[in-house]
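For reference, run02.txt (compact mmCIF, C-alpha atoms (C1' of nucleotides)):
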```txt
# COMPACT_ATOMS: atom_id res chain seq x y z
CA MET A 369 104.10 71.53 74.11
CA THR A 370 101.62 71.00 71.33
CA ASP A 371 98.09 72.05 72.12
CA ASP A 372 95.44 69.55 71.25
CA THR A 373 92.95 70.99 73.73
CA ARG A 374 89.46 71.38 72.36
CA TRP A 375 88.73 74.95 73.44
CA LEU A 376 85.19 76.15 73.82
CA THR A 377 83.53 77.96 70.97
CA ALA A 378 82.23 81.46 71.58
CA ARG A 379 78.67 80.23 72.11
CA GLU A 380 79.75 77.42 74.39
CA LEU A 381 81.90 79.77 76.39
CA GLN A 382 79.11 82.26 76.85
CA ALA A 383 76.64 79.63 77.97
CA TRP A 384 79.24 78.17 80.29
CA MET A 385 80.10 81.47 81.92
CA ARG A 386 76.45 82.18 82.52
CA LEU A 387 75.89 78.77 84.05
CA GLU A 388 78.93 79.38 86.22
CA ALA A 389 77.42 82.66 87.38
CA VAL A 390 74.08 81.04 88.15
CA ALA A 391 75.74 78.24 90.08
CA GLU A 392 77.59 80.83 92.09
CA LEU A 393 74.76 83.29 92.77
CA LEU A 394 71.69 81.09 93.06
CA PRO A 395 72.67 79.20 96.23
CA ALA A 396 73.67 82.44 97.91
CA ALA A 397 70.34 84.04 97.02
CA LEU A 398 68.35 81.13 98.40
CA ASP A 399 70.44 81.07 101.53
CA HIS A 400 69.79 84.75 102.08
CA GLN A 401 66.04 84.53 101.79
CA LEU A 402 65.78 81.55 104.09
CA GLN A 403 68.27 82.93 106.57
CA ARG A 404 66.36 86.17 106.78
CA ASP A 405 62.85 84.74 106.92
CA ALA A 406 63.40 81.50 108.82
CA ASP A 407 66.93 81.50 110.25
CA LEU A 408 67.69 78.42 108.16
CA SER A 409 70.28 77.76 105.48
CA HIS A 410 69.08 76.41 102.17
CA TYR A 411 70.53 73.07 103.07
CA ASP A 412 68.86 73.07 106.51
CA TYR A 413 65.56 73.62 104.76
CA LEU A 414 66.22 70.82 102.30
CA VAL A 415 66.86 68.40 105.13
CA LEU A 416 63.66 69.31 106.93
CA ALA A 417 61.68 69.23 103.68
CA LYS A 418 62.91 65.77 102.73
CA LEU A 419 62.04 64.44 106.15
CA SER A 420 58.59 66.00 105.94
CA GLU A 421 57.90 63.99 102.80
CA ALA A 422 59.16 60.67 104.11
CA PRO A 423 57.07 57.87 105.63
CA ASP A 424 56.77 58.51 109.37
CA ARG A 425 58.77 61.65 108.65
CA THR A 426 61.80 59.44 109.21
CA LEU A 427 64.85 58.63 107.11
CA ARG A 428 68.22 56.99 107.59
CA MET A 429 71.08 59.44 107.72
CA SER A 430 72.77 57.87 104.71
CA GLY A 431 69.58 58.01 102.65
CA LEU A 432 68.92 61.56 103.73
CA ALA A 433 72.46 62.55 102.80
CA ALA A 434 72.07 61.01 99.35
CA SER A 435 68.70 62.59 98.68
CA THR A 436 70.04 66.01 99.63
CA ASN A 437 73.19 65.68 97.54
CA ALA A 438 75.49 65.94 100.50
CA THR A 439 78.28 64.04 102.19
CA LEU A 440 77.57 62.17 105.39
CA PRO A 441 79.82 64.33 107.59
CA ARG A 442 78.07 67.42 106.37
CA LEU A 443 74.65 66.03 107.16
CA SER A 444 75.88 64.81 110.52
CA HIS A 445 76.94 68.32 111.52
CA VAL A 446 73.75 69.88 110.22
CA ALA A 447 71.59 67.27 111.95
CA ALA A 448 73.35 67.95 115.22
CA ARG A 449 72.45 71.64 114.97
CA LEU A 450 68.88 70.98 113.90
CA GLU A 451 68.50 68.49 116.71
CA ALA A 452 69.79 71.05 119.20
CA ARG A 453 67.13 73.45 117.92
CA GLY A 454 64.42 70.86 118.40
CA PHE A 455 63.52 70.32 114.74
CA LEU A 456 64.47 66.64 114.57
CA THR A 457 65.60 63.73 116.72
CA ARG A 458 68.13 60.99 116.01
CA THR A 459 67.66 57.40 117.17
CA ARG A 460 69.43 54.10 116.58
CA ASP A 461 67.83 51.84 114.01
CA GLU A 462 67.05 48.62 115.88
CA GLY A 463 66.92 46.71 112.61
CA ASP A 464 70.49 47.61 111.67
CA ARG A 465 72.17 48.99 114.72
CA ARG A 466 74.85 50.74 112.72
CA ALA A 467 72.27 53.05 111.21
CA THR A 468 70.81 56.26 112.63
CA LEU A 469 67.24 57.33 111.95
CA ALA A 470 66.40 61.02 111.75
CA THR A 471 62.81 61.94 112.56
CA LEU A 472 61.15 65.30 112.13
CA THR A 473 59.61 66.59 115.35
CA GLU A 474 56.24 68.27 115.51
CA GLU A 475 58.04 71.58 115.84
CA GLY A 476 60.17 70.73 112.81
CA TRP A 477 57.04 69.98 110.84
CA ARG A 478 55.54 73.32 111.80
CA LYS A 479 58.77 75.01 110.78
CA VAL A 480 58.63 73.47 107.30
CA VAL A 481 54.98 74.33 106.84
CA ALA A 482 55.60 77.90 107.93
CA THR A 483 58.68 78.31 105.74
CA ALA A 484 57.61 76.60 102.54
CA PRO A 485 55.41 79.34 101.07
CA SER A 486 58.02 82.08 101.12
CA HIS A 487 60.66 79.68 99.84
CA VAL A 488 58.52 78.58 96.93
CA GLY A 489 57.80 82.23 96.26
CA GLU A 490 61.52 82.90 96.01
CA VAL A 491 62.10 79.93 93.73
CA ARG A 492 59.36 81.26 91.46
CA ARG A 493 60.70 84.78 91.54
CA LEU A 494 64.30 83.77 90.79
CA VAL A 495 63.78 80.91 88.38
CA VAL A 496 60.47 79.36 87.46
CA ASP A 497 58.47 82.48 86.70
CA ARG A 498 61.25 83.86 84.53
CA LEU A 499 61.06 80.88 82.18
CA THR A 500 58.47 79.78 79.66
CA ALA A 501 56.86 76.38 80.09
CA GLU A 502 59.03 75.20 77.22
CA GLN A 503 62.17 76.46 78.90
CA VAL A 504 61.25 74.65 82.08
CA GLU A 505 61.23 71.41 80.14
CA GLN A 506 64.48 72.30 78.41
CA LEU A 507 66.04 73.05 81.78
CA ASP A 508 64.85 69.73 83.10
CA ALA A 509 66.46 67.86 80.21
CA ILE A 510 69.69 69.84 80.42
CA ALA A 511 70.02 69.40 84.17
CA LEU A 512 69.35 65.70 83.81
CA ALA A 513 72.08 65.37 81.23
CA VAL A 514 74.58 67.20 83.42
CA LEU A 515 73.62 65.16 86.45
CA GLY A 516 74.50 62.11 84.44
CA ALA A 517 78.11 63.23 84.60
CA LEU A 518 78.05 64.66 88.11
CA ASP A 519 76.38 61.66 89.66
CA PRO A 520 77.27 58.69 87.51
CA GLU A 521 76.05 56.12 89.97
CA ASN A 522 72.73 57.89 90.37
CA ARG A 523 72.93 57.47 94.10
CA LEU A 524 71.28 60.81 94.54
CA GLN A 525 67.71 62.03 94.66
CA ALA A 526 65.77 62.14 91.37
CA GLN A 527 63.10 59.59 92.12
CA ASN A 528 60.93 60.43 95.14
CA PRO A 529 57.52 61.91 94.53
CA VAL A 530 56.92 65.04 96.53
CA VAL A 531 54.10 66.01 98.81
CA ASP A 532 52.50 69.42 98.80
CA PRO A 533 53.02 70.63 102.38
CA SER A 534 49.94 72.84 102.08
CA ASP A 535 47.72 70.01 103.24
CA ALA A 536 49.46 70.29 106.56
CA CYS A 537 48.08 69.22 109.94
CA GLY A 538 49.28 65.71 110.20
CA ASN A 539 49.55 63.89 106.93
CA GLU A 540 52.04 61.09 106.66
CA ALA A 541 52.98 60.98 102.99
CA GLY A 542 53.01 57.19 103.29
CA MET B 442 45.69 80.63 107.63
CA THR B 443 44.38 80.44 104.09
CA ASP B 444 46.88 79.19 101.58
CA ASP B 445 47.20 81.27 98.45
CA THR B 446 50.70 80.03 97.70
CA ARG B 447 51.26 79.12 94.07
CA TRP B 448 52.89 75.72 94.51
CA LEU B 449 55.09 74.29 91.81
CA THR B 450 53.59 71.91 89.29
CA ALA B 451 55.08 68.45 88.99
CA ARG B 452 57.14 69.43 85.97
CA GLU B 453 58.32 72.64 87.54
CA LEU B 454 59.23 70.83 90.71
CA GLN B 455 61.24 68.20 88.90
CA ALA B 456 63.15 70.75 86.87
CA TRP B 457 63.78 72.79 89.99
CA MET B 458 65.07 69.87 92.03
CA ARG B 459 67.44 68.95 89.24
CA LEU B 460 68.72 72.48 88.94
CA GLU B 461 69.17 72.51 92.70
CA ALA B 462 71.22 69.32 92.46
CA VAL B 463 73.38 70.72 89.68
CA ALA B 464 73.97 73.96 91.58
CA GLU B 465 75.05 71.88 94.55
CA LEU B 466 77.25 69.32 92.80
CA LEU B 467 78.81 71.25 89.94
CA PRO B 468 80.90 73.69 91.98
CA ALA B 469 82.17 70.86 94.15
CA ALA B 470 83.16 68.83 91.10
CA LEU B 471 85.07 71.72 89.56
CA ASP B 472 86.78 72.46 92.84
CA HIS B 473 87.90 68.87 93.11
CA GLN B 474 89.46 68.67 89.69
CA LEU B 475 91.31 71.96 90.07
CA GLN B 476 92.38 71.21 93.61
CA ARG B 477 93.77 67.88 92.58
CA ASP B 478 95.47 68.97 89.37
CA ALA B 479 96.57 72.50 90.22
CA ASP B 480 96.09 73.06 93.96
CA LEU B 481 93.63 75.84 93.13
CA SER B 482 89.99 76.34 94.04
CA HIS B 483 87.57 77.01 91.23
CA TYR B 484 87.35 80.59 92.39
CA ASP B 485 91.14 80.94 92.54
CA TYR B 486 91.28 79.82 88.94
CA LEU B 487 88.56 82.23 87.92
CA VAL B 488 90.49 85.12 89.42
CA LEU B 489 93.70 84.19 87.63
CA ALA B 490 91.82 83.57 84.38
CA LYS B 491 90.07 86.94 84.45
CA LEU B 492 93.36 88.69 85.08
CA SER B 493 94.99 86.80 82.25
CA GLU B 494 92.43 88.20 79.84
CA ALA B 495 92.65 91.80 81.02
CA PRO B 496 94.73 94.59 79.46
CA ASP B 497 98.18 94.50 81.05
CA ARG B 498 96.88 91.50 82.96
CA THR B 499 95.69 94.04 85.49
CA LEU B 500 92.30 94.82 87.03
CA ARG B 501 90.95 96.84 89.92
CA MET B 502 89.90 94.72 92.87
CA SER B 503 86.33 95.97 92.68
CA GLY B 504 86.07 95.21 88.98
CA LEU B 505 87.66 91.83 89.46
CA ALA B 506 85.22 91.04 92.26
CA ALA B 507 82.27 91.98 90.06
CA SER B 508 83.47 90.01 87.07
CA THR B 509 83.95 86.93 89.22
CA ASN B 510 80.55 87.22 90.93
CA ALA B 511 82.06 87.65 94.35
CA THR B 512 82.04 90.06 97.25
CA LEU B 513 84.99 92.31 97.86
CA PRO B 514 86.00 90.76 101.20
CA ARG B 515 86.07 87.36 99.58
CA LEU B 516 88.30 88.54 96.76
CA SER B 517 90.50 90.38 99.21
CA HIS B 518 91.20 87.21 101.15
CA VAL B 519 91.74 85.15 98.03
CA ALA B 520 94.04 87.77 96.53
CA ALA B 521 96.10 87.78 99.71
CA ARG B 522 96.66 84.04 99.41
CA LEU B 523 97.38 84.17 95.69
CA GLU B 524 99.81 87.02 96.27
CA ALA B 525 101.56 85.01 98.97
CA ARG B 526 101.94 82.20 96.45
CA GLY B 527 103.45 84.55 93.90
CA PHE B 528 100.67 84.43 91.30
CA LEU B 529 99.71 88.09 91.47
CA THR B 530 100.78 91.39 93.00
CA ARG B 531 98.70 94.22 94.42
CA THR B 532 99.63 97.87 93.98
CA ARG B 533 97.96 101.21 94.68
CA ASP B 534 96.29 102.86 91.72
CA GLU B 535 98.04 106.22 91.39
CA GLY B 536 95.08 107.59 89.44
CA ASP B 537 92.61 106.92 92.26
CA ARG B 538 94.59 106.22 95.37
CA ARG B 539 91.69 104.45 97.04
CA ALA B 540 91.82 101.68 94.48
CA THR B 541 94.02 98.60 94.39
CA LEU B 542 95.25 97.09 91.16
CA ALA B 543 95.80 93.36 90.93
CA THR B 544 98.34 92.22 88.35
CA LEU B 545 99.08 88.69 87.23
CA THR B 546 102.75 87.80 87.62
CA GLU B 547 104.66 85.84 85.04
CA GLU B 548 104.37 82.81 87.30
CA GLY B 549 100.63 83.40 87.59
CA TRP B 550 100.36 83.50 83.83
CA ARG B 551 102.25 80.24 83.51
CA LYS B 552 99.93 78.73 86.11
CA VAL B 553 96.85 79.68 84.10
CA VAL B 554 98.30 78.41 80.85
CA ALA B 555 99.27 75.14 82.47
CA THR B 556 95.91 74.70 84.17
CA ALA B 557 93.48 75.79 81.48
CA PRO B 558 93.53 72.65 79.30
CA SER B 559 92.54 70.23 82.02
CA HIS B 560 89.94 72.63 83.33
CA VAL B 561 88.36 73.07 79.93
CA GLY B 562 88.44 69.32 79.57
CA GLU B 563 86.48 68.95 82.77
CA VAL B 564 83.96 71.58 81.73
CA ARG B 565 83.44 69.67 78.51
CA ARG B 566 83.17 66.34 80.26
CA LEU B 567 80.68 67.54 82.85
CA VAL B 568 78.59 69.93 80.81
CA VAL B 569 79.26 71.00 77.26
CA ASP B 570 79.86 67.64 75.67
CA ARG B 571 76.75 66.20 77.28
CA LEU B 572 74.54 68.75 75.53
CA THR B 573 73.51 69.18 71.91
CA ALA B 574 74.35 72.45 70.19
CA GLU B 575 70.70 73.35 70.53
CA GLN B 576 70.72 72.67 74.24
CA VAL B 577 73.77 74.87 74.66
CA GLU B 578 71.80 77.75 73.22
CA GLN B 579 68.81 76.92 75.37
CA LEU B 580 71.03 76.85 78.44
CA ASP B 581 72.45 80.19 77.49
CA ALA B 582 68.99 81.75 77.25
CA ILE B 583 67.77 80.13 80.45
CA ALA B 584 70.81 81.17 82.44
CA LEU B 585 70.49 84.69 81.10
CA ALA B 586 66.88 84.86 82.21
CA VAL B 587 67.73 83.64 85.69
CA LEU B 588 70.66 86.03 85.98
CA GLY B 589 68.20 88.81 85.33
CA ALA B 590 66.67 88.05 88.70
CA LEU B 591 69.89 87.19 90.51
CA ASP B 592 71.79 90.20 89.34
CA PRO B 593 69.21 92.89 88.60
CA GLU B 594 71.75 95.68 88.32
CA ASN B 595 73.88 93.69 85.93
CA ARG B 596 76.97 94.69 87.81
CA LEU B 597 78.47 91.34 87.13
CA GLN B 598 80.39 89.77 84.29
CA ALA B 599 78.48 89.04 81.07
CA GLN B 600 80.23 91.37 78.65
CA ASN B 601 83.99 90.81 78.30
CA PRO B 602 85.25 88.94 75.30
CA VAL B 603 87.57 86.12 76.19
CA VAL B 604 91.01 85.28 74.99
CA ASP B 605 92.15 81.81 74.13
CA PRO B 606 95.12 81.23 76.44
CA SER B 607 96.54 78.70 74.02
CA ASP B 608 98.39 81.44 72.17
CA ALA B 609 100.42 81.86 75.31
CA CYS B 610 103.91 83.39 75.58
CA GLY B 611 103.18 87.00 76.21
CA ASN B 612 100.06 88.29 74.53
CA GLU B 613 98.37 91.22 76.12
CA ALA B 614 94.70 90.83 75.15
CA GLY B 615 94.58 94.64 74.90
C1' DA C 1310 89.68 125.42 103.21
C1' DC C 1311 86.27 122.61 106.13
C1' DT C 1312 82.93 119.37 106.81
C1' DT C 1313 80.21 115.51 105.32
C1' DC C 1314 79.36 111.73 102.78
C1' DC C 1315 80.52 107.92 99.74
C1' DA C 1316 83.55 104.60 97.28
C1' DG C 1317 87.37 101.19 97.57
C1' DG C 1318 89.72 97.84 100.45
C1' DT C 1319 91.33 95.33 104.34
C1' DT C 1320 90.88 92.90 108.64
C1' DG C 1321 89.23 89.61 112.43
C1' DA C 1322 85.74 86.81 114.37
C1' DA C 1323 82.22 83.47 113.59
C1' DG C 1324 79.90 79.80 110.98
C1' DC C 1325 79.84 76.06 107.73
C1' DG C 1326 81.90 72.21 104.69
C1' DT C 1327 85.68 69.00 103.88
C1' DC C 1328 88.84 65.68 104.98
C1' DA C 1329 90.99 62.17 107.66
C1' DA C 1330 90.71 59.48 111.67
C1' DC C 1331 88.01 56.87 114.46
C1' DC C 1332 84.32 53.70 116.68
C1' DA C 1333 80.54 50.41 116.23
C1' DT C 1334 78.10 46.98 113.70
C1' DT C 1335 77.32 43.73 110.14
C1' DC C 1336 78.63 40.79 106.28
C1' DG C 1337 81.52 37.20 103.87
C1' DC C 1338 84.42 33.67 104.00
C1' DT C 1339 86.42 29.60 105.82
C1' DA D 281 82.42 30.19 115.54
C1' DG D 282 85.92 33.59 114.18
C1' DC D 283 88.55 36.71 111.45
C1' DG D 284 88.87 40.53 108.06
C1' DA D 285 86.64 43.68 105.32
C1' DA D 286 83.05 46.79 104.40
C1' DT D 287 79.09 49.79 105.91
C1' DG D 288 77.03 53.62 108.78
C1' DG D 289 77.99 57.41 111.37
C1' DT D 290 80.39 60.90 114.38
C1' DT D 291 84.10 63.92 115.65
C1' DG D 292 87.86 67.54 115.46
C1' DA D 293 90.97 70.28 112.93
C1' DC D 294 91.54 73.11 109.09
C1' DG D 295 90.25 76.26 105.25
C1' DC D 296 87.13 79.34 103.11
C1' DT D 297 83.13 82.72 103.02
C1' DT D 298 80.45 86.07 105.37
C1' DC D 299 79.52 89.92 108.09
C1' DA D 300 80.46 93.98 110.59
C1' DA D 301 83.84 97.25 111.82
C1' DC D 302 87.26 100.03 110.36
C1' DC D 303 90.49 102.98 107.60
C1' DT D 304 91.89 105.77 103.74
C1' DG D 305 91.12 108.76 99.78
C1' DG D 306 88.01 111.41 96.69
C1' DA D 307 83.62 114.41 95.78
C1' DA D 308 80.19 117.56 96.91
C1' DG D 309 78.52 121.35 99.24
C1' DT D 310 79.25 125.67 101.83
```

Could you express the structure from this file as structure tokens?
Amino acid sequence: MTDDTRWLTARELQAWMRLEAVAELLPAALDHQLQRDADLSHYDYLVLAKLSEAPDRTLRMSGLAASTNATLPRLSHVAARLEARGFLTRTRDEGDRRATLATLTEEGWRKVVATAPSHVGEVRRLVVDRLTAEQVEQLDAIALAVLGALDPENRLQAQNPVVDPSDACGNEAG
Amino acid sequence: MTDDTRWLTARELQAWMRLEAVAELLPAALDHQLQRDADLSHYDYLVLAKLSEAPDRTLRMSGLAASTNATLPRLSHVAARLEARGFLTRTRDEGDRRATLATLTEEGWRKVVATAPSHVGEVRRLVVDRLTAEQVEQLDAIALAVLGALDPENRLQAQNPVVDPSDACGNEAG
DNA sequence: ACTTCCAGGTTGAAGCGTCAACCATTCGCT
DNA sequence: AGCGAATGGTTGACGCTTCAACCTGGAAGT
């Protein structure tokens, strides 16, 4: 068995192992902070946050799944739990009756507003504040390049502008 | 409630959301490839790979857990499955009889050697080959900075040199 | 030696994600 | 109209990770 594999160079290997470590530890760290401070998983928070930015705080399940980088079954389970906790409601879309619309409740909105500051603080502490402005841009470019391979069809996220939840009390982001 | 939260700037937010997406999608992509081609999870492979690089292909469970960025219970469960499949064996350490030593079997070694090429190929396809040499170094520095926050005590990985499994057939990496 | 504490590991229950199967609705074609 | 395929979503079973509880063996103090 001849070996024509292109092995990684020492530098590539080191960078790769560190990325591997980050990809392993970062989600766990975010989960921990949110679980402790808000009884929410990182993904739960993402779902609520995306809804909070959407027009009428409403999104189709399929769109919400795409913009949170998740499969539909996963979102369906998560939405069921969040609905049971009163953070969102699901209704049939009367325009296309196959579709389900998820809407953030008032309580869900309050939850996001209350949770966002500590979450942003954690993101700063773990990532953003440890990098120079230049490194932030490098990271952006690198992540974009990798996403090109991970998400070839570009179904996922990337585009939507984001609202600052600090101007709380009833804005609509429309 | 006054708001003194330091929100992310637009550039920071974009870079963060992309990193978030990568951290979400990359592990799943690696799991898929390895599951399909070798019936191994990414973490299973990591465990076997680390053992394959160790002196005598043997490591203490606690050291193995640290070098794979995992908790001990997680490794314990994984090791039980891998042992049941014949890829490694666990024995008491006669030096410190609290400790357990995990040793890669000959079959486990063959598994790693057989699996490594396609895995490296996937790592190249998804990450390394999509970046310039400069970006690889940038990624290395960025990941190192973030790991400083994720792993303050530096218990984890980072140091060990790595052996190229292509020179297979019984080297000891010692 | 005896007690106390800590390190190393394992186990079982609980929670979450994945996959395959399934139902409902709409679209495309004739 | 009417049939078949594709889209949107939910459900249940299974596998993996986490957490807390537990057990054993070594270290430190007396």

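Across A:Gln382, A:Thr436, A:Gln401, A:Ser444, the tightest approach to chain C is made by A:Ser444 when counting only C-alpha atoms (C1' of nucleotides).
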
Practice item. Pick out the residues sitting within 12 Å of Glu548 in chain B, and hand them over as a ChimeraX atom specification; count all atoms listed in the file, and ignore anything fewer than 2 positions along from it in its own chain. Key: /B:489,493,523-524,526-530,544-546,550-555,610-611

Counting all atoms listed in the file, what are the residues of chain A within 6 Å of chain B, and for each of them which pair of atoms is the nearest and at what distance in Å, to one decimal? Sort the table by chain and rising number, as CSV.
```
residue,atom,partner,partner_atom,distance
A:Thr373,CA,B:Pro558,CA,5.8
A:Ala383,CA,B:Asp581,CA,4.3
A:Arg386,CA,B:Ala584,CA,5.7
A:Leu387,CA,B:Ala584,CA,5.8
A:Ala391,CA,B:Ala464,CA,4.9
A:Pro485,CA,B:Thr446,CA,5.8
A:Leu494,CA,B:Ala590,CA,5.3
A:Val495,CA,B:Val587,CA,5.5
A:Asp508,CA,B:Ala456,CA,4.3
A:Ala511,CA,B:Arg459,CA,5.7
A:Val514,CA,B:Val568,CA,5.5
A:Ala517,CA,B:Leu567,CA,5.3
```

Just to be explicit: take each residue in the selection above, keep C-alpha atoms, and write the result as a short mmCIF file (atom, residue, chain, number, x, y, z; two decimals), keeping the file's coordinate frame.
```
data_model
loop_
_atom_site.label_atom_id
_atom_site.label_comp_id
_atom_site.auth_asym_id
_atom_site.auth_seq_id
_atom_site.Cartn_x
_atom_site.Cartn_y
_atom_site.Cartn_z
CA THR A 373 92.95 70.99 73.73
CA ALA A 383 76.64 79.63 77.97
CA ARG A 386 76.45 82.18 82.52
CA LEU A 387 75.89 78.77 84.05
CA ALA A 391 75.74 78.24 90.08
CA PRO A 485 55.41 79.34 101.07
CA LEU A 494 64.30 83.77 90.79
CA VAL A 495 63.78 80.91 88.38
CA ASP A 508 64.85 69.73 83.10
CA ALA A 511 70.02 69.40 84.17
CA VAL A 514 74.58 67.20 83.42
CA ALA A 517 78.11 63.23 84.60
#
```

Sorted by chain and rising residue number, list the residues of chain A at most 12 Å from chain C (counting only C-alpha atoms (C1' of nucleotides)), each with its closest atom pair and distance in Å to one decimal, as CSV.
```
residue,atom,partner,partner_atom,distance
A:Ser409,CA,C:DC1325,C1',10.0
A:Tyr411,CA,C:DC1325,C1',10.8
A:Asp412,CA,C:DC1325,C1',11.4
A:Ala438,CA,C:DG1326,C1',9.9
A:Thr439,CA,C:DT1327,C1',9.1
A:Leu440,CA,C:DT1327,C1',10.7
A:Pro441,CA,C:DT1327,C1',8.4
A:Arg442,CA,C:DG1326,C1',6.4
A:Leu443,CA,C:DG1326,C1',9.8
A:Ser444,CA,C:DG1326,C1',11.2
A:His445,CA,C:DC1325,C1',9.1
A:Val446,CA,C:DC1325,C1',9.0
A:Arg449,CA,C:DC1325,C1',11.3
A:Arg460,CA,C:DT1334,C1',11.6
A:Asp461,CA,C:DT1334,C1',11.4
A:Glu462,CA,C:DT1334,C1',11.4
A:Gly463,CA,C:DT1335,C1',11.1
A:Asp464,CA,C:DT1334,C1',7.9
A:Arg465,CA,C:DT1334,C1',6.3
A:Arg466,CA,C:DT1334,C1',5.1
A:Ala467,CA,C:DT1334,C1',8.8
A:Thr468,CA,C:DT1334,C1',11.8
```

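Note that C1' of DG292 in chain D and CA of Ala520 in chain B are 28.4 Å apart.
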
Exercise for review: Identify every residue of chain D that has at least one atom within 8 Å of any atom of chain B, counting only C-alpha atoms (C1' of nucleotides), and report the result as an NGL selection string.
Suggested key: :D and (297 or 304-306)

Exercise for review: Quote the spacing between CA of Ala543 in chain B and CA of Leu500 in chain B in Å to one decimal place.
Suggested key: 5.4 Å

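Going from C1' of DG295 in chain D to CA of Ala406 in chain A covers 27.6 Å.
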
Can you report as JSON the centre and edge lengths in Å, to one decimal, of an axis-aligned box around the listed atoms of range 1311-1324 of chain C padded with 3 Å on each side?
```
{"center_x": 85.3, "center_y": 101.2, "center_z": 105.8, "size_x": 18.0, "size_y": 48.8, "size_z": 23.1}
```
